[in-house]
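Undergrad: coords.tsv is reproduced in full below (TSV, C-alpha atoms).
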```
chain	number	residue	atom	x	y	z
A	100	MET	CA	167.08	111.51	68.51
A	101	SER	CA	164.49	112.55	71.10
A	102	ARG	CA	162.02	109.96	72.33
A	103	HIS	CA	159.30	112.59	71.90
A	104	TYR	CA	159.78	114.03	68.39
A	105	ASP	CA	162.28	114.17	65.55
A	106	VAL	CA	164.75	116.57	67.11
A	107	ASP	CA	167.17	116.20	64.19
A	108	ALA	CA	164.52	117.59	61.84
A	109	VAL	CA	163.74	120.42	64.27
A	110	ARG	CA	167.42	121.21	64.61
A	111	LYS	CA	167.69	121.87	60.88
A	112	GLU	CA	165.25	124.75	61.32
A	113	PHE	CA	167.79	126.59	63.54
A	114	PRO	CA	171.01	127.10	61.52
A	115	ALA	CA	172.79	128.87	64.39
A	116	VAL	CA	172.89	125.71	66.50
A	117	GLU	CA	175.13	124.03	63.94
A	118	ARG	CA	177.72	126.76	64.46
A	119	MET	CA	177.93	126.60	68.25
A	120	VAL	CA	176.66	124.71	71.26
A	121	TYR	CA	173.66	126.92	71.92
A	122	LEU	CA	172.49	126.57	75.53
A	123	ASP	CA	171.07	130.07	76.03
A	124	SER	CA	167.39	129.97	75.06
A	125	GLY	CA	166.51	131.47	78.45
A	126	PHE	CA	168.10	134.66	77.13
A	127	GLN	CA	167.09	134.60	73.47
A	128	THR	CA	166.32	131.75	71.12
A	129	PRO	CA	168.03	131.59	67.73
A	130	LEU	CA	165.92	132.49	64.73
A	131	ALA	CA	164.09	129.55	63.17
A	132	ARG	CA	163.56	129.29	59.42
A	133	PRO	CA	159.73	129.58	59.57
A	134	VAL	CA	160.02	132.66	61.77
A	135	LYS	CA	162.55	134.24	59.43
A	136	ALA	CA	160.27	133.47	56.46
A	137	ALA	CA	157.31	135.22	58.14
A	138	ILE	CA	159.39	138.35	58.77
A	139	GLU	CA	160.70	138.29	55.22
A	140	LEU	CA	157.13	138.06	53.88
A	141	PHE	CA	156.22	141.16	55.85
A	142	LEU	CA	159.28	143.03	54.57
A	143	ARG	CA	158.68	141.94	50.98
A	144	GLU	CA	155.05	143.08	51.08
A	145	GLY	CA	156.07	146.44	52.51
A	146	PHE	CA	158.86	146.80	49.97
A	147	GLU	CA	156.76	145.85	46.95
A	148	THR	CA	153.34	147.30	47.79
A	149	ALA	CA	154.06	149.94	50.48
A	150	GLY	CA	152.20	147.76	52.95
A	151	PRO	CA	148.86	145.95	52.61
A	152	LYS	CA	147.73	147.27	56.01
A	153	SER	CA	144.35	145.58	56.06
A	154	ILE	CA	145.98	142.22	55.35
A	155	TRP	CA	148.56	142.82	58.07
A	156	LEU	CA	145.87	143.70	60.60
A	157	ASP	CA	143.91	140.59	59.64
A	158	ARG	CA	147.05	138.59	60.43
A	159	VAL	CA	147.28	140.32	63.81
A	160	GLU	CA	143.85	138.95	64.66
A	161	GLN	CA	144.76	135.51	63.30
A	162	THR	CA	147.82	135.50	65.56
A	163	ARG	CA	145.75	136.73	68.50
A	164	ALA	CA	143.45	133.73	68.00
A	165	LYS	CA	146.48	131.40	67.91
A	166	VAL	CA	147.79	132.85	71.18
A	167	ALA	CA	144.36	132.41	72.76
A	168	ARG	CA	144.13	128.78	71.65
A	169	PHE	CA	147.67	128.19	72.91
A	170	LEU	CA	146.69	129.44	76.39
A	171	GLY	CA	143.22	127.89	76.45
A	172	VAL	CA	141.32	131.19	76.44
A	173	THR	CA	139.32	133.31	74.00
A	174	ALA	CA	140.81	135.81	71.58
A	175	ASP	CA	139.11	138.75	73.30
A	176	GLU	CA	141.16	137.98	76.43
A	177	ILE	CA	144.51	138.55	74.69
A	178	ALA	CA	146.29	141.88	74.25
A	179	PHE	CA	149.60	142.53	72.51
A	180	THR	CA	152.18	144.55	74.44
A	181	LYS	CA	155.83	145.50	74.05
A	182	ASN	CA	157.30	142.94	76.48
A	183	THR	CA	156.78	141.21	79.83
A	184	SER	CA	157.67	144.37	81.75
A	185	GLU	CA	154.93	146.35	80.02
A	186	SER	CA	152.45	143.53	80.62
A	187	MET	CA	153.30	143.51	84.34
A	188	ASN	CA	152.99	147.28	84.57
A	189	ILE	CA	149.61	147.23	82.82
A	190	ALA	CA	148.41	144.60	85.27
A	191	ALA	CA	149.79	146.32	88.38
A	192	ASN	CA	148.18	149.62	87.50
A	193	ALA	CA	144.84	148.08	86.53
A	194	LEU	CA	144.33	146.46	89.93
A	195	PRO	CA	142.05	148.44	92.30
A	196	LEU	CA	144.74	149.07	94.92
A	197	GLN	CA	144.53	151.81	97.53
A	198	ALA	CA	146.82	153.23	100.18
A	199	GLY	CA	147.23	150.69	102.96
A	200	ASP	CA	146.63	147.67	100.71
A	201	ASN	CA	149.42	145.15	100.30
A	202	VAL	CA	150.68	142.89	97.52
A	203	LEU	CA	152.70	139.71	98.11
A	204	MET	CA	155.70	138.81	95.96
A	205	ILE	CA	158.74	136.51	96.12
A	206	HIS	CA	162.11	137.95	97.16
A	207	GLY	CA	164.58	137.58	94.31
A	208	ASP	CA	161.96	137.01	91.59
A	209	HIS	CA	162.43	138.85	88.29
A	210	PRO	CA	163.13	142.53	89.02
A	211	ASN	CA	160.84	143.86	86.32
A	212	ASN	CA	157.88	142.10	87.87
A	213	ALA	CA	158.85	143.54	91.26
A	214	TYR	CA	159.40	147.09	90.00
A	215	ALA	CA	155.96	147.21	88.40
A	216	PHE	CA	154.48	146.77	91.88
A	217	LEU	CA	157.16	148.57	93.90
A	218	ASN	CA	156.29	151.65	91.86
A	219	LEU	CA	152.86	151.57	93.53
A	220	GLN	CA	154.49	152.42	96.86
A	221	ARG	CA	154.17	156.05	95.81
A	222	LYS	CA	150.39	155.53	96.15
A	223	GLY	CA	150.76	154.03	99.59
A	224	VAL	CA	150.56	150.38	98.52
A	225	GLU	CA	152.76	148.07	100.58
A	226	ILE	CA	154.80	145.39	98.82
A	227	ARG	CA	155.67	142.38	100.98
A	228	PHE	CA	158.25	139.83	99.91
A	229	ILE	CA	158.13	136.21	101.03
A	230	PRO	CA	161.31	134.08	101.04
A	231	MET	CA	162.50	132.39	97.86
A	232	THR	CA	162.74	128.64	98.46
A	233	ASP	CA	163.00	125.66	96.13
A	234	VAL	CA	159.27	125.02	96.63
A	235	VAL	CA	156.79	127.89	96.57
A	236	ASP	CA	153.08	127.12	96.72
A	237	ALA	CA	149.91	128.34	98.43
A	238	ASP	CA	151.26	127.36	101.86
A	239	SER	CA	154.25	129.62	101.27
A	240	PHE	CA	152.05	132.70	100.93
A	241	ALA	CA	149.28	131.84	103.41
A	242	PRO	CA	151.05	133.09	106.59
A	243	PHE	CA	151.61	136.52	105.02
A	244	ILE	CA	148.00	137.20	103.99
A	245	ASP	CA	146.00	139.63	106.12
A	246	GLU	CA	142.84	141.70	105.76
A	247	ARG	CA	144.61	144.29	103.58
A	248	THR	CA	146.21	141.83	101.15
A	249	ARG	CA	144.75	142.41	97.70
A	250	ALA	CA	147.00	140.57	95.25
A	251	ILE	CA	149.86	138.12	94.70
A	252	SER	CA	152.29	138.45	91.80
A	253	MET	CA	154.94	135.87	90.87
A	254	SER	CA	156.77	134.08	88.10
A	255	HIS	CA	155.83	130.60	86.96
A	256	VAL	CA	159.50	129.75	86.28
A	257	THR	CA	162.44	131.70	87.69
A	258	PHE	CA	165.06	133.00	85.30
A	259	HIS	CA	168.03	132.61	87.65
A	260	ALA	CA	167.77	129.01	88.91
A	261	GLY	CA	164.89	127.28	87.12
A	262	HIS	CA	162.42	126.99	89.99
A	263	ARG	CA	158.98	125.93	88.71
A	264	PHE	CA	156.49	127.16	91.28
A	265	ASP	CA	153.06	125.71	92.02
A	266	ILE	CA	151.05	128.54	90.53
A	267	GLU	CA	147.87	126.46	90.34
A	268	SER	CA	147.70	126.09	94.13
A	269	VAL	CA	148.46	129.79	94.60
A	270	GLY	CA	145.77	130.70	92.05
A	271	ALA	CA	143.20	128.51	93.80
A	272	MET	CA	144.03	130.18	97.11
A	273	CYS	CA	143.64	133.61	95.50
A	274	VAL	CA	140.19	132.64	94.25
A	275	ARG	CA	139.17	131.45	97.73
A	276	ASN	CA	140.45	134.66	99.33
A	277	LYS	CA	139.17	136.98	96.59
A	278	LEU	CA	142.69	138.13	95.74
A	279	HIS	CA	143.95	139.17	92.34
A	280	PHE	CA	146.67	136.95	90.91
A	281	VAL	CA	149.26	138.17	88.39
A	282	VAL	CA	151.65	135.68	86.80
A	283	ASP	CA	154.77	136.20	84.70
A	284	VAL	CA	155.14	133.17	82.38
A	285	MET	CA	158.02	134.53	80.31
A	286	GLN	CA	160.46	131.74	81.20
A	287	ALA	CA	157.77	129.05	80.91
A	288	ILE	CA	155.70	129.73	77.81
A	289	GLY	CA	156.61	127.67	74.78
A	290	VAL	CA	158.33	124.97	76.85
A	291	VAL	CA	156.04	124.43	79.84
A	292	PRO	CA	152.31	124.02	79.09
A	293	VAL	CA	150.35	127.06	80.27
A	294	ASP	CA	146.61	126.71	80.88
A	295	ALA	CA	145.47	130.22	81.76
A	296	LYS	CA	142.07	129.17	83.08
A	297	ALA	CA	143.58	126.48	85.33
A	298	ILE	CA	145.94	129.08	86.80
A	299	GLY	CA	143.05	131.26	87.93
A	300	ALA	CA	144.88	134.53	87.30
A	301	SER	CA	143.49	137.99	86.73
A	302	PHE	CA	146.43	138.71	84.42
A	303	ILE	CA	149.17	136.61	82.83
A	304	GLY	CA	152.02	138.38	81.08
A	305	SER	CA	154.90	137.34	78.87
A	306	GLY	CA	157.32	138.39	76.20
A	307	SER	CA	157.96	136.27	73.13
A	308	HIS	CA	161.72	136.12	72.55
A	309	LYS	CA	162.48	132.99	74.58
A	310	GLY	CA	160.30	129.88	74.31
A	311	LEU	CA	158.10	131.54	71.70
A	312	LEU	CA	161.08	131.98	69.33
A	313	VAL	CA	160.36	135.58	68.26
A	314	PRO	CA	162.85	138.49	68.22
A	315	GLN	CA	162.53	141.03	71.03
A	316	GLY	CA	159.85	143.69	71.07
A	317	LEU	CA	156.56	141.80	71.43
A	318	GLY	CA	154.70	140.89	74.59
A	319	LEU	CA	151.44	139.20	75.50
A	320	LEU	CA	148.83	139.89	78.15
A	321	TYR	CA	145.98	137.61	79.16
A	322	TRP	CA	143.14	139.32	81.03
A	323	ASP	CA	140.24	137.50	82.65
A	324	LYS	CA	137.39	139.23	80.83
A	325	THR	CA	134.95	138.61	83.67
A	326	LEU	CA	136.88	141.26	85.61
A	327	LYS	CA	135.39	144.23	83.78
A	328	GLU	CA	136.35	146.56	86.64
A	329	LEU	CA	140.04	146.21	85.67
A	330	GLU	CA	140.55	149.14	83.34
A	331	PRO	CA	143.63	150.57	81.62
A	332	THR	CA	145.63	153.36	83.19
A	333	TYR	CA	146.32	154.89	79.81
A	334	LEU	CA	143.99	155.25	76.85
A	335	ALA	CA	144.09	155.65	73.08
A	336	ALA	CA	141.50	155.41	70.35
A	337	ALA	CA	142.50	151.78	69.83
A	338	SER	CA	141.54	151.06	73.46
A	339	LEU	CA	137.93	152.22	73.15
A	340	ALA	CA	134.76	150.23	72.81
A	341	GLU	CA	133.76	152.53	69.95
A	342	ILE	CA	136.45	154.29	67.98
A	343	PRO	CA	135.00	157.55	66.61
A	344	SER	CA	134.68	157.34	62.84
A	345	ASP	CA	135.81	160.94	62.43
A	346	LEU	CA	138.69	160.43	64.90
A	347	ILE	CA	137.61	163.41	66.98
A	348	ALA	CA	138.01	162.72	70.69
A	349	ARG	CA	134.92	163.23	72.86
A	350	ALA	CA	134.71	163.07	76.65
A	351	ASP	CA	131.42	161.17	76.47
A	352	GLY	CA	132.80	158.29	74.40
A	353	MET	CA	135.60	156.90	76.54
A	354	ALA	CA	134.27	153.50	77.55
A	355	PRO	CA	137.07	150.94	77.17
A	356	SER	CA	136.74	147.99	74.85
A	357	PRO	CA	134.98	144.99	76.40
A	358	ALA	CA	137.94	142.92	75.10
A	359	ALA	CA	141.59	142.88	76.17
A	360	ARG	CA	142.12	145.40	73.39
A	361	ARG	CA	141.33	147.95	76.13
A	362	PHE	CA	144.98	147.52	77.18
A	363	GLU	CA	146.44	148.17	73.72
A	364	LEU	CA	147.50	151.48	72.23
A	365	GLY	CA	147.50	150.45	68.56
A	366	ASN	CA	150.31	150.38	65.99
A	367	PHE	CA	151.46	146.82	66.62
A	368	ASN	CA	154.95	145.44	66.18
A	369	LEU	CA	153.78	143.89	62.92
A	370	PRO	CA	156.95	141.96	61.94
A	371	ALA	CA	157.04	140.32	65.37
A	372	VAL	CA	153.33	139.49	65.26
A	373	HIS	CA	153.88	137.83	61.88
A	374	ALA	CA	156.82	135.94	63.40
A	375	LEU	CA	154.73	134.83	66.38
A	376	GLY	CA	152.06	133.39	64.13
A	377	ALA	CA	154.70	131.24	62.43
A	378	SER	CA	156.40	130.19	65.66
A	379	LEU	CA	153.12	129.11	67.26
A	380	ASP	CA	152.40	126.94	64.23
A	381	MET	CA	155.81	125.33	64.65
A	382	ILE	CA	155.47	124.82	68.41
A	383	GLU	CA	151.98	123.38	68.14
A	384	GLN	CA	153.09	120.97	65.43
A	385	ILE	CA	155.78	119.59	67.77
A	386	GLY	CA	153.64	119.88	70.91
A	387	VAL	CA	154.53	121.82	74.05
A	388	GLN	CA	154.21	118.70	76.18
A	389	ASN	CA	156.71	116.95	73.91
A	390	ILE	CA	159.10	119.89	74.13
A	391	GLN	CA	158.81	119.86	77.91
A	392	ASN	CA	159.45	116.13	78.14
A	393	HIS	CA	162.43	116.37	75.79
A	394	CYS	CA	163.97	119.15	77.90
A	395	PHE	CA	163.32	117.20	81.11
A	396	ASP	CA	165.23	114.25	79.64
A	397	LEU	CA	168.14	116.50	78.70
A	398	GLY	CA	168.04	118.04	82.16
A	399	ASP	CA	168.25	114.61	83.77
A	400	HIS	CA	171.28	113.90	81.60
A	401	LEU	CA	172.88	117.22	82.57
A	402	ILE	CA	172.34	116.60	86.28
A	403	ALA	CA	173.84	113.10	86.02
A	404	ARG	CA	176.92	114.41	84.20
A	405	LEU	CA	177.38	117.22	86.74
A	406	ASP	CA	177.15	114.68	89.55
A	407	GLU	CA	179.94	112.71	87.90
A	408	LEU	CA	182.12	115.82	88.08
A	409	GLY	CA	181.04	116.69	91.61
A	410	VAL	CA	179.76	120.07	90.41
A	411	ARG	CA	176.71	121.42	92.22
A	412	LEU	CA	173.42	122.34	90.57
A	413	VAL	CA	171.82	125.52	91.90
A	414	GLY	CA	168.10	125.21	92.55
A	415	PRO	CA	165.73	122.23	92.62
A	416	ARG	CA	166.65	118.82	91.20
A	417	GLU	CA	163.29	117.05	91.27
A	418	ARG	CA	161.17	117.27	88.13
A	419	LYS	CA	158.06	118.36	90.02
A	420	HIS	CA	159.84	121.46	91.32
A	421	ARG	CA	162.25	122.36	88.53
A	422	ALA	CA	161.71	123.87	85.13
A	423	PRO	CA	162.49	121.41	82.34
A	424	HIS	CA	164.85	123.76	80.55
A	425	ILE	CA	166.69	126.07	82.98
A	426	TYR	CA	169.67	124.88	85.04
A	427	VAL	CA	172.30	126.88	86.86
A	428	ILE	CA	175.73	125.34	87.44
A	429	ALA	CA	177.63	126.46	90.53
A	430	LEU	CA	180.64	127.75	88.62
A	431	PRO	CA	181.57	131.44	89.13
A	432	ALA	CA	180.45	133.28	86.01
A	433	ALA	CA	183.35	135.74	86.18
A	434	ASP	CA	185.82	132.85	85.98
A	435	TRP	CA	184.01	130.60	83.54
A	436	LEU	CA	182.01	132.60	81.00
A	437	GLY	CA	185.03	133.46	78.88
A	438	HIS	CA	186.12	129.82	78.86
A	439	PHE	CA	182.76	128.74	77.47
A	440	GLU	CA	182.81	131.51	74.86
A	441	GLU	CA	186.31	130.48	73.72
A	442	ASN	CA	185.00	126.96	73.17
A	443	ASP	CA	181.90	128.04	71.22
A	444	VAL	CA	179.48	127.19	74.02
A	445	ARG	CA	176.77	129.82	74.47
A	446	VAL	CA	175.49	130.13	78.05
A	447	SER	CA	174.53	133.01	80.37
A	448	PRO	CA	176.01	134.38	83.58
A	449	GLU	CA	173.55	134.33	86.48
A	450	ARG	CA	173.62	135.51	90.07
A	451	ASP	CA	174.63	132.05	91.36
A	452	GLY	CA	176.70	130.70	88.48
A	453	ILE	CA	176.42	129.71	84.83
A	454	ARG	CA	172.92	129.25	83.41
A	455	VAL	CA	172.28	126.49	80.89
A	456	SER	CA	168.91	126.94	79.19
A	457	LEU	CA	167.61	124.38	76.75
A	458	GLY	CA	165.49	124.63	73.61
A	459	MET	CA	163.52	122.25	71.43
A	460	PHE	CA	166.61	121.81	69.21
A	461	ASN	CA	169.11	120.71	71.87
A	462	THR	CA	170.45	117.16	72.13
A	463	ALA	CA	172.36	115.02	74.59
A	464	THR	CA	175.44	115.69	72.46
A	465	ASP	CA	175.16	119.39	73.35
A	466	ILE	CA	175.17	118.47	77.03
A	467	ASP	CA	178.18	116.19	76.58
A	468	ARG	CA	180.10	118.92	74.77
A	469	LEU	CA	179.35	121.30	77.64
A	470	ILE	CA	180.69	118.75	80.12
A	471	ASP	CA	183.80	118.22	77.99
A	472	VAL	CA	184.48	121.96	78.04
A	473	ILE	CA	184.23	121.95	81.83
A	474	ARG	CA	186.63	119.01	82.00
A	475	ARG	CA	189.18	120.83	79.85
A	476	ARG	CA	190.02	123.06	82.80
A	477	GLY	CA	190.83	119.97	84.84
A	478	LEU	CA	187.65	120.22	86.83
A	479	GLY	CA	186.57	117.11	88.68
A	480	ARG	CA	185.26	115.88	91.96
A	481	PRO	CA	188.47	116.42	93.98
A	482	SER	CA	188.63	120.14	93.12
A	483	VAL	CA	185.00	121.27	93.47
A	484	ALA	CA	182.92	121.25	96.63
A	485	ALA	CA	179.44	119.81	96.14
```
I need this file expressed as structure tokens, please.
TA:
Amino acid sequence: MSRHYDVDAVRKEFPAVERMVYLDSGFQTPLARPVKAAIELFLREGFETAGPKSIWLDRVEQTRAKVARFLGVTADEIAFTKNTSESMNIAANALPLQAGDNVLMIHGDHPNNAYAFLNLQRKGVEIRFIPMTDVVDADSFAPFIDERTRAISMSHVTFHAGHRFDIESVGAMCVRNKLHFVVDVMQAIGVVPVDAKAIGASFIGSGSHKGLLVPQGLGLLYWDKTLKELEPTYLAAASLAEIPSDLIARADGMAPSPAARRFELGNFNLPAVHALGASLDMIEQIGVQNIQNHCFDLGDHLIARLDELGVRLVGPRERKHRAPHIYVIALPAADWLGHFEENDVRVSPERDGIRVSLGMFNTATDIDRLIDVIRRRGLGRPSVAA
């Protein structure tokens, strides 16, 4: 049992983890019973009543308020999107960037964050990449800032090796230098506490199918509402401050909503929004800090067991620099992924090895079973270079 909460009780909410050693929440979390129940309620209402749309839309706003509370912001600073990639593209295109301006990013960070900004090269915006190191903070970016730097965009937690970067120091530097700051929290949210105001970002984007426990197809976008000059690139009636009652478009009524709704196009992914409302209730009941601490403990156990084997961990080892839940083992994915699959251990291939990503339901027994599967191929200190 976890020292932080009743992990055995939590585990019962995820039936899939009783059928396999599930160490792949960085890709997609298994469906939890409360999340499944919320989706089934939506389906039943649509099946039996053809859809109580006003009730569904009320639940959208209830979920929006839950997201806002979860991030420490107000509901009018939260927009729903399709996924992290859409959130990053909305942010990149809302920034007031001109030809000759430059944006700083980290080489090797998530490609869909990078592509959102690389696409601005067609407008003459320069994208500069700083080196990826185990520690990235304000000092990492400072030497690359010049008079034409306008923004920094980065992940909080990297997907490929579990770096946890010092986004607070970067955000504070951006405030001092009057730079926009865009943060992808997809691999952090739901496991690592995220305080949007403390980050100091103009935009924070995420999807919801990892730490937030929701099936794919729903994203989130936080927008600092004091930055009224950041407007959407595309527009729909749902984006407007005043939606015309007769639904006839007029060129003199195109002011965007004063809320983050300005970045929405309407017609929400309603089943996923229902699911998110249920998952946030579940996460808040357990406590994100507790989930983080539990995963840190499991990570410590994993690192110790890998050290016993003489198998190298890719990425940072210290808690202050690593994500609590993402670890990459230096075993060639092409050689090892099939072995794990044959032994009912679910992990992901990554650029530098095999990724183990933990969830609120994992236990030390899961880690030990992973290690046993590695041992079955005769792997030990004499045969693997550290």
Undergrad: Skip stretch 276-291 of chain A itself and residues of its chain fewer than 5 positions away, then list as a PDB file with C-alpha atoms, in the coordinates of the input all residues within 7 Å of it, counting all atoms listed in the file.
TA:
```pdb
ATOM      1  CA  GLY A 125     166.510 131.470  78.450  1.00  0.00           C
ATOM      2  CA  THR A 183     156.780 141.210  79.830  1.00  0.00           C
ATOM      3  CA  ARG A 249     144.750 142.410  97.700  1.00  0.00           C
ATOM      4  CA  ALA A 250     147.000 140.570  95.250  1.00  0.00           C
ATOM      5  CA  ILE A 251     149.860 138.120  94.700  1.00  0.00           C
ATOM      6  CA  SER A 252     152.290 138.450  91.800  1.00  0.00           C
ATOM      7  CA  MET A 253     154.940 135.870  90.870  1.00  0.00           C
ATOM      8  CA  SER A 254     156.770 134.080  88.100  1.00  0.00           C
ATOM      9  CA  HIS A 255     155.830 130.600  86.960  1.00  0.00           C
ATOM     10  CA  VAL A 256     159.500 129.750  86.280  1.00  0.00           C
ATOM     11  CA  THR A 257     162.440 131.700  87.690  1.00  0.00           C
ATOM     12  CA  PHE A 258     165.060 133.000  85.300  1.00  0.00           C
ATOM     13  CA  GLY A 270     145.770 130.700  92.050  1.00  0.00           C
ATOM     14  CA  ALA A 300     144.880 134.530  87.300  1.00  0.00           C
ATOM     15  CA  SER A 301     143.490 137.990  86.730  1.00  0.00           C
ATOM     16  CA  PHE A 302     146.430 138.710  84.420  1.00  0.00           C
ATOM     17  CA  ILE A 303     149.170 136.610  82.830  1.00  0.00           C
ATOM     18  CA  GLY A 304     152.020 138.380  81.080  1.00  0.00           C
ATOM     19  CA  SER A 305     154.900 137.340  78.870  1.00  0.00           C
ATOM     20  CA  GLY A 306     157.320 138.390  76.200  1.00  0.00           C
ATOM     21  CA  GLY A 310     160.300 129.880  74.310  1.00  0.00           C
ATOM     22  CA  LEU A 311     158.100 131.540  71.700  1.00  0.00           C
ATOM     23  CA  VAL A 387     154.530 121.820  74.050  1.00  0.00           C
ATOM     24  CA  ILE A 390     159.100 119.890  74.130  1.00  0.00           C
ATOM     25  CA  GLN A 391     158.810 119.860  77.910  1.00  0.00           C
TER      26      GLN A 391
END
```
Undergrad: Centre and edge lengths of an axis-aligned box around all listed atoms of stretch 226-241 of chain A, with 8 Å added on each side, are to be given in Å to one decimal, as lines of an AutoDock Vina configuration file.
TA:
```
center_x = 156.1
center_y = 135.2
center_z = 99.8
size_x = 29.7
size_y = 36.4
size_z = 23.3
```
Undergrad: Could you jot down the atom CA of A:Arg110 to atom CA of A:His424 separation for me, Å, one decimal place?
TA: 16.3 Å
Undergrad: Rank A:Val427, A:Leu219, A:Ile342, A:Ala131 by their smallest atom-to-atom distance to A:Gln197, using all atoms listed in the file, and report the top residue only.
TA: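 Checking each of A:Val427, A:Leu219, A:Ile342, A:Ala131 against A:Gln197, counting all atoms listed in the file, the winner is A:Leu219.
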Undergrad: Residues within 6 Å of stretch 137-141 of chain A, please, as a VMD selection string. Count all atoms listed in the file; anything in the same chain fewer than 5 positions from it doesn't count.
TA: chain A and resid 370 373 to 374
Undergrad: Pick out the residues sitting within 10 Å of A:Phe169, and hand them over as a ChimeraX atom specification; count all atoms listed in the file, and ignore anything fewer than 3 positions along from it in its own chain.
TA: /A:163-166,172-173,288-289,292-295,379-380,382-383,387
Undergrad: Which neighbours of A:Val159 fall inside 9 Å, counting all atoms listed in the file, when residues of the same chain fewer than 6 positions from it are skipped, and could you give them as an mmCIF file with C-alpha atoms, keeping the file's coordinate frame?
TA:
```cif
data_model
loop_
_atom_site.group_PDB
_atom_site.id
_atom_site.type_symbol
_atom_site.label_atom_id
_atom_site.label_comp_id
_atom_site.auth_asym_id
_atom_site.auth_seq_id
_atom_site.Cartn_x
_atom_site.Cartn_y
_atom_site.Cartn_z
ATOM 1 C CA PHE A 367 151.460 146.820 66.620
ATOM 2 C CA LEU A 369 153.780 143.890 62.920
ATOM 3 C CA VAL A 372 153.330 139.490 65.260
ATOM 4 C CA HIS A 373 153.880 137.830 61.880
ATOM 5 C CA GLY A 376 152.060 133.390 64.130
#
```
Undergrad: Could you check the closest approach to A:Met231 for each of A:Phe264, A:Phe216, A:Tyr104, A:Phe243 and tell me which residue wins, using only C-alpha atoms?
TA: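 Ranking A:Phe264, A:Phe216, A:Tyr104, A:Phe243 by distance to A:Met231, first place goes to A:Phe264.
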Undergrad: Find the residue from A:Ser456, A:Gly223, A:Ser356, A:Lys181 that sits nearest to A:Asn368; use all atoms listed in the file when measuring.
TA: A:Lys181
Undergrad: For a quick check of understanding, using only C-alpha atoms, which of A:Leu469, A:Val313, A:Leu339, A:Ala463 has the smallest distance to A:Val106?
TA: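 Ranking A:Leu469, A:Val313, A:Leu339, A:Ala463 by distance to A:Val106, first place goes to A:Ala463.
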Undergrad: Can you find the residues with an atom no farther than 12 Å from (158.4, 149.1, 81.6), counting only C-alpha atoms, and report them as a VMD selection string?
TA: chain A and resid 180 to 192 210 to 216 218 316 318
Undergrad: Take atom CA of A:Asp471 and atom CA of A:Leu312 and report the distance between them in Å, one decimal.
TA: 27.9 Å
